[in-house]
Every structure is written in structure tokens, then in C-alpha cells.
$ cat start-v3.txt   # compact mmCIF, C-alpha atoms and all ligand atoms
# COMPACT_ATOMS: atom_id res chain seq x y z
CA MET A 49 -61.34 60.50 -36.01
CA GLY A 50 -58.87 60.90 -38.80
CA VAL A 51 -56.58 63.58 -40.08
CA GLU A 52 -57.04 67.34 -40.46
CA THR A 53 -54.61 69.92 -41.71
CA PHE A 54 -54.36 73.59 -40.84
CA TYR A 55 -51.97 76.46 -41.25
CA ASP A 56 -50.16 77.88 -38.24
CA GLY A 57 -47.35 79.70 -39.96
CA ARG A 58 -46.63 76.33 -41.49
CA LEU A 59 -48.68 73.33 -42.43
CA GLN A 60 -49.69 71.30 -39.39
CA VAL A 61 -51.34 67.91 -39.25
CA ARG A 62 -53.83 67.10 -36.53
CA LEU A 63 -54.16 63.38 -35.87
CA ILE A 64 -57.32 62.26 -34.12
CA CYS A 65 -57.47 58.92 -32.33
CA ASP A 66 -59.82 56.33 -33.87
CA LYS A 67 -61.19 55.31 -30.50
CA CYS A 68 -61.31 58.43 -28.36
CA ASP A 69 -61.38 62.07 -29.39
CA THR A 70 -57.83 62.80 -28.27
CA SER A 71 -55.81 64.63 -30.87
CA THR A 72 -52.20 65.55 -31.37
CA VAL A 73 -50.58 68.01 -33.75
CA VAL A 74 -47.41 67.34 -35.69
CA SER A 75 -45.80 69.62 -38.23
CA ALA A 76 -46.11 68.42 -41.80
CA PRO A 77 -43.09 67.80 -43.99
CA SER A 78 -42.57 70.39 -46.71
CA TYR A 79 -45.52 69.66 -48.90
CA HIS A 80 -46.84 71.44 -51.91
CA LEU A 81 -50.49 71.42 -52.72
CA PRO A 82 -51.58 73.93 -55.37
CA LYS A 83 -54.03 76.59 -54.18
CA THR A 84 -56.34 75.54 -56.97
CA ALA A 85 -56.38 71.91 -55.83
CA THR A 86 -59.70 70.15 -56.13
CA ALA A 87 -61.38 68.57 -53.11
CA GLN A 88 -60.31 65.22 -54.51
CA GLN A 89 -56.67 66.34 -54.67
CA VAL A 90 -56.81 67.75 -51.14
CA LYS A 91 -58.24 64.46 -49.87
CA LYS A 92 -55.47 62.54 -51.60
CA GLY A 93 -52.85 64.97 -50.26
CA ILE A 94 -54.04 64.54 -46.69
CA ALA A 95 -54.01 60.76 -47.09
CA GLU A 96 -50.43 60.98 -48.35
CA LEU A 97 -49.45 63.20 -45.43
CA ARG A 98 -50.94 60.70 -42.99
CA THR A 99 -48.73 57.90 -44.28
CA SER A 100 -45.66 60.09 -44.79
CA LYS A 101 -42.64 58.84 -42.86
CA SER A 102 -42.19 62.24 -41.23
CA VAL A 103 -45.71 62.31 -39.78
CA ILE A 104 -45.59 58.64 -38.73
CA GLN A 105 -42.23 59.16 -37.02
CA LYS A 106 -43.28 62.34 -35.23
CA ALA A 107 -46.49 60.71 -34.06
CA ARG A 108 -44.53 57.74 -32.82
CA THR A 109 -42.22 60.00 -30.84
CA ALA A 110 -45.38 61.25 -29.11
CA GLY A 111 -46.35 57.63 -28.41
CA TRP A 112 -48.98 57.39 -31.15
CA LEU A 113 -49.42 54.70 -33.78
CA VAL A 114 -50.31 55.90 -37.27
CA ASN A 115 -50.56 53.78 -40.39
CA LYS A 116 -52.99 53.32 -43.27
CA GLN A 117 -55.52 51.46 -41.12
CA THR A 118 -55.08 52.95 -37.67
CA ILE A 119 -54.65 56.17 -35.72
CA ALA A 120 -54.25 55.32 -32.06
CA CYS A 121 -53.35 57.66 -29.22
CA LYS A 122 -50.90 56.70 -26.47
CA CYS A 123 -53.64 55.51 -24.07
CA CYS A 124 -55.67 53.57 -26.63
CA LEU A 125 -52.46 52.03 -27.96
CA LYS A 126 -51.54 50.89 -24.47
CA ASN A 127 -55.02 49.42 -23.93
CA ARG A 128 -54.87 47.76 -27.33
CA ASN A 129 -51.49 46.21 -26.58
CA GLU A 130 -52.76 44.95 -23.23
CA GLU A 131 -55.81 43.46 -24.95
CA LYS A 132 -53.57 41.81 -27.53
CA MET A 133 -51.40 40.44 -24.75
CA ASN A 134 -54.43 39.03 -22.94
CA GLN A 135 -55.68 37.51 -26.17
CA LYS A 136 -52.30 35.94 -26.76
CA ILE A 137 -52.32 34.50 -23.26
CA SER A 138 -55.81 33.04 -23.69
CA VAL A 139 -54.88 31.68 -27.13
CA LYS A 140 -51.82 30.07 -25.58
CA LYS A 141 -53.99 28.51 -22.87
CA VAL A 142 -56.39 27.10 -25.47
CA ALA A 143 -53.52 25.87 -27.61
CA SER A 144 -51.89 24.08 -24.73
CA THR A 145 -55.09 22.29 -23.72
CA ALA A 146 -56.36 21.55 -27.24
CA THR A 147 -54.45 20.25 -30.23
CA LYS A 148 -51.33 22.21 -30.88
CA ILE A 149 -51.91 24.53 -33.83
CA GLU A 150 -48.73 25.76 -35.45
CA PRO A 151 -49.56 28.95 -37.34
CA ASN A 152 -46.23 28.80 -39.18
CA MET A 153 -46.77 32.28 -40.52
CA LYS A 154 -44.45 33.44 -43.25
CA SER A 155 -43.86 36.92 -44.52
CA THR A 156 -44.98 37.79 -48.04
CA PRO A 157 -42.59 39.40 -50.56
CA ALA A 158 -44.50 42.69 -50.21
CA GLN A 159 -44.07 42.58 -46.43
CA ARG A 160 -40.36 41.87 -46.80
CA ARG A 161 -40.01 44.83 -49.17
CA ASP A 162 -41.87 46.99 -46.66
CA ILE A 163 -39.57 45.80 -43.85
CA ARG A 164 -36.49 46.62 -45.96
CA LYS A 165 -37.86 50.06 -46.79
CA TRP A 166 -38.08 50.86 -43.07
CA LEU A 167 -34.75 49.20 -42.27
CA ASP A 168 -33.07 51.31 -44.98
CA ASP A 169 -34.41 54.35 -43.19
CA LEU A 170 -34.09 53.43 -39.55
CA TYR A 171 -31.04 51.15 -39.31
CA ASP A 172 -27.60 52.71 -39.16
CA ILE A 173 -25.34 50.20 -40.89
CA ASP A 174 -22.13 52.07 -39.94
CA LYS A 175 -22.98 52.21 -36.24
CA CYS A 176 -24.52 48.74 -36.44
CA CYS A 177 -27.63 49.67 -34.48
CA TYR A 178 -31.05 51.25 -34.92
CA LYS A 179 -31.29 55.04 -35.14
CA GLU A 180 -32.84 56.86 -32.17
CA ASN A 181 -35.19 54.55 -30.24
CA ASN A 182 -36.17 52.26 -33.09
CA SER A 183 -36.14 48.47 -32.84
CA ASP A 184 -37.35 45.32 -34.60
CA HIS A 185 -40.66 45.86 -32.80
CA THR A 186 -41.14 49.45 -33.90
CA VAL A 187 -40.29 48.54 -37.51
CA ALA A 188 -42.88 45.75 -37.37
CA ASP A 189 -45.43 48.29 -36.10
CA LEU A 190 -44.59 50.76 -38.87
CA CYS A 191 -45.14 48.20 -41.63
CA ASP A 192 -48.55 47.86 -43.21
CA GLY A 193 -50.72 44.98 -42.05
CA LYS A 194 -49.66 42.33 -39.59
CA VAL A 195 -45.90 42.05 -39.60
CA LEU A 196 -44.13 39.99 -36.92
CA TRP A 197 -41.04 41.50 -35.35
CA GLY A 198 -39.30 38.14 -35.77
CA TRP A 199 -39.39 38.66 -39.56
CA VAL A 200 -37.80 42.06 -39.12
CA LYS A 201 -35.11 40.50 -36.92
CA GLU A 202 -34.40 37.82 -39.53
CA ILE A 203 -33.95 40.32 -42.39
CA ARG A 204 -32.07 42.80 -40.20
CA GLU A 205 -29.60 40.17 -38.95
CA ALA A 206 -29.00 38.76 -42.43
CA ASP A 207 -28.57 42.00 -44.39
CA TYR A 208 -28.16 44.99 -42.06
CA GLY A 209 -26.47 44.23 -38.75
CA GLU A 210 -26.32 41.67 -35.96
CA ASN A 211 -27.01 44.21 -33.26
CA GLY A 212 -30.71 44.88 -32.65
CA GLY A 213 -30.02 47.66 -30.12
CA ASN A 214 -30.45 51.36 -30.82
CA GLU A 215 -28.70 54.70 -30.42
CA ASP A 216 -30.90 55.80 -27.52
CA ALA A 217 -30.03 52.69 -25.52
CA ASP A 218 -26.34 53.17 -26.34
CA LEU A 219 -26.55 56.82 -25.29
CA MET A 220 -28.26 55.82 -22.09
CA VAL A 221 -25.54 53.27 -21.30
CA LYS A 222 -22.90 55.95 -22.00
CA GLU A 223 -24.75 58.49 -19.85
CA VAL A 224 -25.04 56.04 -16.94
CA LYS A 225 -21.33 55.20 -17.27
CA ARG A 226 -20.48 58.92 -17.29
CA LEU A 227 -22.60 59.50 -14.17
CA SER A 228 -20.99 56.55 -12.42
CA ASP A 229 -17.52 57.89 -13.29
CA THR A 230 -18.46 61.34 -11.99
CA ILE A 231 -19.70 59.87 -8.71
CA ASP A 232 -16.54 57.75 -8.41
CA LYS A 233 -14.41 60.86 -8.85
CA ALA A 234 -16.48 62.87 -6.38
CA LEU A 235 -16.21 60.05 -3.83
CA ALA A 236 -12.42 59.94 -4.18
CA THR A 237 -12.22 63.73 -3.86
CA SER A 238 -14.46 63.64 -0.80
CA GLU A 239 -12.22 60.98 0.78
CA ILE A 240 -9.10 63.11 0.24
CA ALA A 241 -10.89 66.18 1.61
CA GLN A 242 -11.91 64.22 4.71
CA GLN A 243 -8.35 63.04 5.28
CA ASP A 244 -7.04 66.60 4.88
CA PHE A 245 -9.69 67.88 7.26
CA ARG A 246 -8.84 65.22 9.84
CA LYS A 247 -5.13 66.06 9.62
CA ALA A 248 -5.81 69.78 9.95
CA TYR A 249 -8.21 69.14 12.83
CA GLU A 250 -5.72 66.94 14.68
CA ALA A 251 -2.89 69.46 14.18
CA ASN A 252 -5.10 72.27 15.53
CA ALA A 253 -6.32 70.17 18.43
CA ALA A 254 -2.70 69.58 19.52
CA LYS A 255 -1.96 73.32 19.26
CA MET A 256 -5.07 74.23 21.25
CA GLN A 257 -4.26 71.67 23.95
CA LYS A 258 -0.78 73.22 24.27
CA ALA A 259 -2.24 76.72 24.55
CA HIS A 260 -4.78 75.47 27.12
CA ASP A 261 -2.03 73.85 29.22
CA GLY A 262 -0.02 77.10 29.06
CA LEU A 263 -3.03 79.14 30.25
CA GLN A 264 -3.66 76.75 33.12
CA ALA A 265 -0.01 77.08 34.26
CA ARG A 266 -0.33 80.90 34.09
CA HIS A 267 -3.59 80.72 36.05
CA LYS A 268 -1.90 78.73 38.78
CA GLU A 269 1.00 81.23 38.94
CA VAL A 270 -1.41 84.15 39.24
CA ASN A 271 -3.39 82.40 41.99
CA ASP A 272 -0.22 81.70 43.95
CA LEU A 273 0.75 85.36 43.58
CA ILE A 274 -2.65 86.49 44.87
CA LYS A 275 -2.32 84.18 47.90
CA LYS A 276 1.12 85.64 48.64
CA ILE A 277 -0.19 89.22 48.39
CA LYS A 278 -3.07 88.38 50.75
CA LEU A 279 -0.70 86.88 53.26
CA LYS A 280 1.42 90.05 53.24
CA GLY A 281 -1.71 92.23 53.59
ZN ZN B 1 -57.39 57.26 -28.02
$ encode --input "start-v3.txt" --output "C-alpha cells" --more "lines below"
Ligand SMILES: [Zn+2]
Amino acid sequence: MGVETFYDGRLQVRLICDKCDTSTVVSAPSYHLPKTATAQQVKKGIAELRTSKSVIQKARTAGWLVNKQTIACKCCLKNRNEEKMNQKISVKKVASTATKIEPNMKSTPAQRRDIRKWLDDLYDIDKCCYKENNSDHTVADLCDGKVLWGWVKEIREADYGENGGNEDADLMVKEVKRLSDTIDKALATSEIAQQDFRKAYEANAAKMQKAHDGLQARHKEVNDLIKKIKLKG
């Protein structure tokens, strides 16, 4: 449970899930810790590595959630999200039967600064979409504490870009379009090939029929000749 570092040619960070013993290894960003560092300094360095954007991003690519409070592997994260979902559903049920409680949660200035810090990093203003597979939800997850994705959306729409999509989704759309175009082209080519084949087949069939008719006529002539010879004999 926690973070370990080790050298494997370069500095690697092993993240260990809080709940189960599953671990994953991500390479550390270039990081300089003096050889004479005290245990205290090493501890601090490892803590800094854990919350470094590079490590958090790499872990997230592997499906892990890492922040100051939590290290959760893919499976535990999935279970946790399902639990949260179930809790939300039961809360909703209670709320609908009892008095309606409006949480009316608002982001704090520190949370908004945190959101902006991640948006600066992960939102591509020129392309007007998130980089890679990021989204309002992933930014909310990356922020410290409980940050609602709706807050991220609000800040993103006001100051970064209207589009909440991301590069990966755009790439996927492009890739699907490219595949569809390729199949369209192949279908058209196949149609032309079929027509050509049919034409060639029909032309050959006519030729073969002609040859067949010719052979039959010859056969008849030969038979007649044989009959005549027999008669003479
Ligand atoms: Zn786990």
C-alpha cells in the first residue's frame, strides 16, 4: 500500500493499491535526489513523485487513480465507482421519498485554481478539445478532494473552450470515417470487377457455344460418312 521507488536503468515508481496488493510500475519523471539525501528527504521526494503530473497521468493511462489521498487499481476503482453509483441511487431514492435536500455545493477558490491548473495542462485551446482521452470527468478526478465535473465544465466552457470532447474521440471518429470510406471504395471496386467478370463470362460462353455447335455439326458429318462407308462395305 503506497509508493516505492527503485532503479531499473532509470528511476521507476511502483504504485500499490490501497485496497488490494496489486501494483503497477510507471517510470518516474527526471528527478534529482542527492545521493546523500536523508531519510526525511527521500520520504518527501517519494511523496512529491506520487503527486507529480507525470506519474498521475501514466497511472491513469493504466486505469489507476492516484492522488494525495488515494491509490486505487483498475479493479478497485471500478468497484468504488459502482459503490458510489449505488450510493447515489439510494440517496436519490431517500431524497425523493423524504424532504428534498438541495446540497447546492459550490466550488471553493482553491478548487477552482486546481481545476484551472489541470485545464491549462490538459485542454488544447487551439484545437478546442481535451488532449488525449481527458474530459471534464477526468479533470475532476485529478483534482484534490471532492470536485464535481460540473464545476470543471463551467470553468472550461467559460474560459477554455465550448467543446468538451477530446482528441482520442476525434481520432476515433476520423478513423471510423476512414474505414467507412475504404469499405465504400472496395465495394465500388468489387462491383466493377463483378460486372467485368460477367461480361467476360458471357462473351466466353457465346464463343464456347459456337465452338460446341461447330463440333456437333462435324460429328454428324463424320457419322454420315461412316454410315456411307459401311454401306459400301
Ligand atoms: Zn486494488
$ residues_near_point --input "start-v3.txt" --point "(-45.6, 39.5, -43.6)" --cutoff "12 Å" --atoms "only C-alpha atoms" --output "CSV table (one decimal) with C-alpha atoms, in the coordinates of the input"
chain,number,residue,atom,x,y,z
A,152,ASN,CA,-46.2,28.8,-39.2
A,153,MET,CA,-46.8,32.3,-40.5
A,154,LYS,CA,-44.4,33.4,-43.2
A,155,SER,CA,-43.9,36.9,-44.5
A,156,THR,CA,-45.0,37.8,-48.0
A,157,PRO,CA,-42.6,39.4,-50.6
A,158,ALA,CA,-44.5,42.7,-50.2
A,159,GLN,CA,-44.1,42.6,-46.4
A,160,ARG,CA,-40.4,41.9,-46.8
A,161,ARG,CA,-40.0,44.8,-49.2
A,162,ASP,CA,-41.9,47.0,-46.7
A,163,ILE,CA,-39.6,45.8,-43.8
A,164,ARG,CA,-36.5,46.6,-46.0
A,188,ALA,CA,-42.9,45.8,-37.4
A,189,ASP,CA,-45.4,48.3,-36.1
A,191,CYS,CA,-45.1,48.2,-41.6
A,192,ASP,CA,-48.6,47.9,-43.2
A,193,GLY,CA,-50.7,45.0,-42.0
A,194,LYS,CA,-49.7,42.3,-39.6
A,195,VAL,CA,-45.9,42.0,-39.6
A,196,LEU,CA,-44.1,40.0,-36.9
A,197,TRP,CA,-41.0,41.5,-35.4
A,198,GLY,CA,-39.3,38.1,-35.8
A,199,TRP,CA,-39.4,38.7,-39.6
A,200,VAL,CA,-37.8,42.1,-39.1
A,203,ILE,CA,-34.0,40.3,-42.4
$ closest_residue --input "start-v3.txt" --among "A:Leu63, A:Leu227, A:Ala85, A:Ala259" --to "A:Lys122" --atoms "only C-alpha atoms"
A:Leu63
$ closest_atom_pairs --input "start-v3.txt" --of "chain A" --to "ligand ZN 1 (chain B)" --cutoff "8 Å" --atoms "all atoms listed in the file" --output "JSON lines"
{"residue": "A:Ile64", "atom": "CA", "partner": "B:ZN1", "partner_atom": "ZN", "distance": 7.9}
{"residue": "A:Cys65", "atom": "CA", "partner": "B:ZN1", "partner_atom": "ZN", "distance": 4.6}
{"residue": "A:Asp66", "atom": "CA", "partner": "B:ZN1", "partner_atom": "ZN", "distance": 6.4}
{"residue": "A:Lys67", "atom": "CA", "partner": "B:ZN1", "partner_atom": "ZN", "distance": 4.9}
{"residue": "A:Cys68", "atom": "CA", "partner": "B:ZN1", "partner_atom": "ZN", "distance": 4.1}
{"residue": "A:Asp69", "atom": "CA", "partner": "B:ZN1", "partner_atom": "ZN", "distance": 6.4}
{"residue": "A:Thr70", "atom": "CA", "partner": "B:ZN1", "partner_atom": "ZN", "distance": 5.6}
{"residue": "A:Ala120", "atom": "CA", "partner": "B:ZN1", "partner_atom": "ZN", "distance": 5.5}
{"residue": "A:Cys121", "atom": "CA", "partner": "B:ZN1", "partner_atom": "ZN", "distance": 4.2}
{"residue": "A:Lys122", "atom": "CA", "partner": "B:ZN1", "partner_atom": "ZN", "distance": 6.7}
{"residue": "A:Cys123", "atom": "CA", "partner": "B:ZN1", "partner_atom": "ZN", "distance": 5.7}
{"residue": "A:Cys124", "atom": "CA", "partner": "B:ZN1", "partner_atom": "ZN", "distance": 4.3}
{"residue": "A:Leu125", "atom": "CA", "partner": "B:ZN1", "partner_atom": "ZN", "distance": 7.2}
$ residues_near_point --input "start-v3.txt" --point "(-26.7, 56.2, -29.3)" --cutoff "10 Å" --atoms "all atoms listed in the file" --output "list in words"
Lys175, Cys177, Tyr178, Lys179, Glu180, Asn181, Gly213, Asn214, Glu215, Asp216, Ala217, Asp218, Leu219, Met220, Val221, Lys222 and Glu223 of chain A
$ closest_residue --input "start-v3.txt" --among "A:Thr109, A:Val73, A:Ala253, A:Gly50" --to "A:Ile94" --atoms "all atoms listed in the file"
A:Gly50
$ atom_distance --input "start-v3.txt" --atom1 "atom CA of A:Ser75" --atom2 "atom CA of A:Lys165"
22.8 Å
$ atom_distance --input "start-v3.txt" --atom1 "atom CA of A:Thr84" --atom2 "atom CA of A:Lys116"
26.3 Å
$ residues_around --input "start-v3.txt" --residues "A:Tyr55" --least-positions-apart "5" --cutoff "12 Å" --atoms "all atoms listed in the file" --output "MDAnalysis selection string"
chainID A and resid 60:62 73:76
$ build_atoms --input "start-v3.txt" --residues "stretch 203-238 of chain A" --atoms "N, CA and C atoms" --output "mmCIF file, in the coordinates of the input"
data_model
loop_
_atom_site.group_PDB
_atom_site.id
_atom_site.type_symbol
_atom_site.label_atom_id
_atom_site.label_comp_id
_atom_site.auth_asym_id
_atom_site.auth_seq_id
_atom_site.Cartn_x
_atom_site.Cartn_y
_atom_site.Cartn_z
ATOM 1 N N ILE A 203 -34.475 39.535 -41.260
ATOM 2 C CA ILE A 203 -33.950 40.320 -42.390
ATOM 3 C C ILE A 203 -32.841 41.247 -41.906
ATOM 4 N N ARG A 204 -33.066 41.868 -40.747
ATOM 5 C CA ARG A 204 -32.070 42.800 -40.200
ATOM 6 C C ARG A 204 -30.755 42.075 -39.920
ATOM 7 N N GLU A 205 -30.830 40.904 -39.288
ATOM 8 C CA GLU A 205 -29.600 40.170 -38.950
ATOM 9 C C GLU A 205 -28.866 39.690 -40.196
ATOM 10 N N ALA A 206 -29.631 39.297 -41.218
ATOM 11 C CA ALA A 206 -29.000 38.760 -42.430
ATOM 12 C C ALA A 206 -28.347 39.871 -43.259
ATOM 13 N N ASP A 207 -29.018 41.013 -43.398
ATOM 14 C CA ASP A 207 -28.570 42.000 -44.390
ATOM 15 C C ASP A 207 -28.190 43.373 -43.847
ATOM 16 N N TYR A 208 -28.434 43.642 -42.585
ATOM 17 C CA TYR A 208 -28.160 44.990 -42.060
ATOM 18 C C TYR A 208 -27.112 44.957 -40.947
ATOM 19 N N GLY A 209 -27.429 44.289 -39.867
ATOM 20 C CA GLY A 209 -26.470 44.230 -38.750
ATOM 21 C C GLY A 209 -26.954 43.266 -37.690
ATOM 22 N N GLU A 210 -26.005 42.649 -37.001
ATOM 23 C CA GLU A 210 -26.320 41.670 -35.960
ATOM 24 C C GLU A 210 -26.989 42.325 -34.755
ATOM 25 N N ASN A 211 -26.549 43.550 -34.476
ATOM 26 C CA ASN A 211 -27.010 44.210 -33.260
ATOM 27 C C ASN A 211 -28.407 44.805 -33.429
ATOM 28 N N GLY A 212 -29.338 44.370 -32.586
ATOM 29 C CA GLY A 212 -30.710 44.880 -32.650
ATOM 30 C C GLY A 212 -30.953 46.038 -31.699
ATOM 31 N N GLY A 213 -29.885 46.527 -31.050
ATOM 32 C CA GLY A 213 -30.020 47.660 -30.120
ATOM 33 C C GLY A 213 -30.219 48.965 -30.873
ATOM 34 N N ASN A 214 -30.282 50.076 -30.138
ATOM 35 C CA ASN A 214 -30.450 51.360 -30.820
ATOM 36 C C ASN A 214 -29.618 52.455 -30.161
ATOM 37 N N GLU A 215 -29.529 53.579 -30.865
ATOM 38 C CA GLU A 215 -28.700 54.700 -30.420
ATOM 39 C C GLU A 215 -29.105 55.185 -29.033
ATOM 40 N N ASP A 216 -30.431 55.277 -28.808
ATOM 41 C CA ASP A 216 -30.900 55.800 -27.520
ATOM 42 C C ASP A 216 -30.409 54.929 -26.376
ATOM 43 N N ALA A 217 -30.494 53.600 -26.575
ATOM 44 C CA ALA A 217 -30.030 52.690 -25.520
ATOM 45 C C ALA A 217 -28.529 52.856 -25.317
ATOM 46 N N ASP A 218 -27.787 52.975 -26.444
ATOM 47 C CA ASP A 218 -26.340 53.170 -26.340
ATOM 48 C C ASP A 218 -26.022 54.451 -25.588
ATOM 49 N N LEU A 219 -26.763 55.525 -25.954
ATOM 50 C CA LEU A 219 -26.550 56.820 -25.290
ATOM 51 C C LEU A 219 -26.826 56.701 -23.809
ATOM 52 N N MET A 220 -27.898 55.957 -23.490
ATOM 53 C CA MET A 220 -28.260 55.820 -22.090
ATOM 54 C C MET A 220 -27.156 55.096 -21.323
ATOM 55 N N VAL A 221 -26.632 54.022 -21.937
ATOM 56 C CA VAL A 221 -25.540 53.270 -21.300
ATOM 57 C C VAL A 221 -24.356 54.211 -21.074
ATOM 58 N N LYS A 222 -24.023 55.026 -22.115
ATOM 59 C CA LYS A 222 -22.900 55.950 -22.000
ATOM 60 C C LYS A 222 -23.153 56.963 -20.883
ATOM 61 N N GLU A 223 -24.395 57.469 -20.842
ATOM 62 C CA GLU A 223 -24.750 58.490 -19.850
ATOM 63 C C GLU A 223 -24.633 57.910 -18.435
ATOM 64 N N VAL A 224 -25.119 56.684 -18.253
ATOM 65 C CA VAL A 224 -25.040 56.040 -16.940
ATOM 66 C C VAL A 224 -23.575 55.833 -16.555
ATOM 67 N N LYS A 225 -22.754 55.416 -17.527
ATOM 68 C CA LYS A 225 -21.330 55.200 -17.270
ATOM 69 C C LYS A 225 -20.675 56.525 -16.859
ATOM 70 N N ARG A 226 -21.049 57.609 -17.576
ATOM 71 C CA ARG A 226 -20.480 58.920 -17.290
ATOM 72 C C ARG A 226 -20.861 59.350 -15.864
ATOM 73 N N LEU A 227 -22.140 59.142 -15.522
ATOM 74 C CA LEU A 227 -22.600 59.500 -14.170
ATOM 75 C C LEU A 227 -21.836 58.707 -13.119
ATOM 76 N N SER A 228 -21.684 57.413 -13.381
ATOM 77 C CA SER A 228 -20.990 56.550 -12.420
ATOM 78 C C SER A 228 -19.551 57.014 -12.251
ATOM 79 N N ASP A 229 -18.894 57.383 -13.375
ATOM 80 C CA ASP A 229 -17.520 57.890 -13.290
ATOM 81 C C ASP A 229 -17.460 59.174 -12.472
ATOM 82 N N THR A 230 -18.425 60.068 -12.714
ATOM 83 C CA THR A 230 -18.460 61.340 -11.990
ATOM 84 C C THR A 230 -18.592 61.105 -10.498
ATOM 85 N N ILE A 231 -19.491 60.165 -10.135
ATOM 86 C CA ILE A 231 -19.700 59.870 -8.710
ATOM 87 C C ILE A 231 -18.437 59.262 -8.114
ATOM 88 N N ASP A 232 -17.801 58.354 -8.866
ATOM 89 C CA ASP A 232 -16.540 57.750 -8.410
ATOM 90 C C ASP A 232 -15.519 58.841 -8.078
ATOM 91 N N LYS A 233 -15.388 59.788 -9.015
ATOM 92 C CA LYS A 233 -14.410 60.860 -8.850
ATOM 93 C C LYS A 233 -14.758 61.706 -7.623
ATOM 94 N N ALA A 234 -16.040 62.038 -7.508
ATOM 95 C CA ALA A 234 -16.480 62.870 -6.380
ATOM 96 C C ALA A 234 -16.216 62.154 -5.055
ATOM 97 N N LEU A 235 -16.458 60.837 -5.043
ATOM 98 C CA LEU A 235 -16.210 60.050 -3.830
ATOM 99 C C LEU A 235 -14.734 60.103 -3.444
ATOM 100 N N ALA A 236 -13.859 59.908 -4.442
ATOM 101 C CA ALA A 236 -12.420 59.940 -4.180
ATOM 102 C C ALA A 236 -12.015 61.311 -3.655
ATOM 103 N N THR A 237 -12.526 62.365 -4.289
ATOM 104 C CA THR A 237 -12.220 63.730 -3.860
ATOM 105 C C THR A 237 -12.690 63.946 -2.432
ATOM 106 N N SER A 238 -13.896 63.460 -2.134
ATOM 107 C CA SER A 238 -14.460 63.640 -0.800
ATOM 108 C C SER A 238 -13.589 62.914 0.236
#
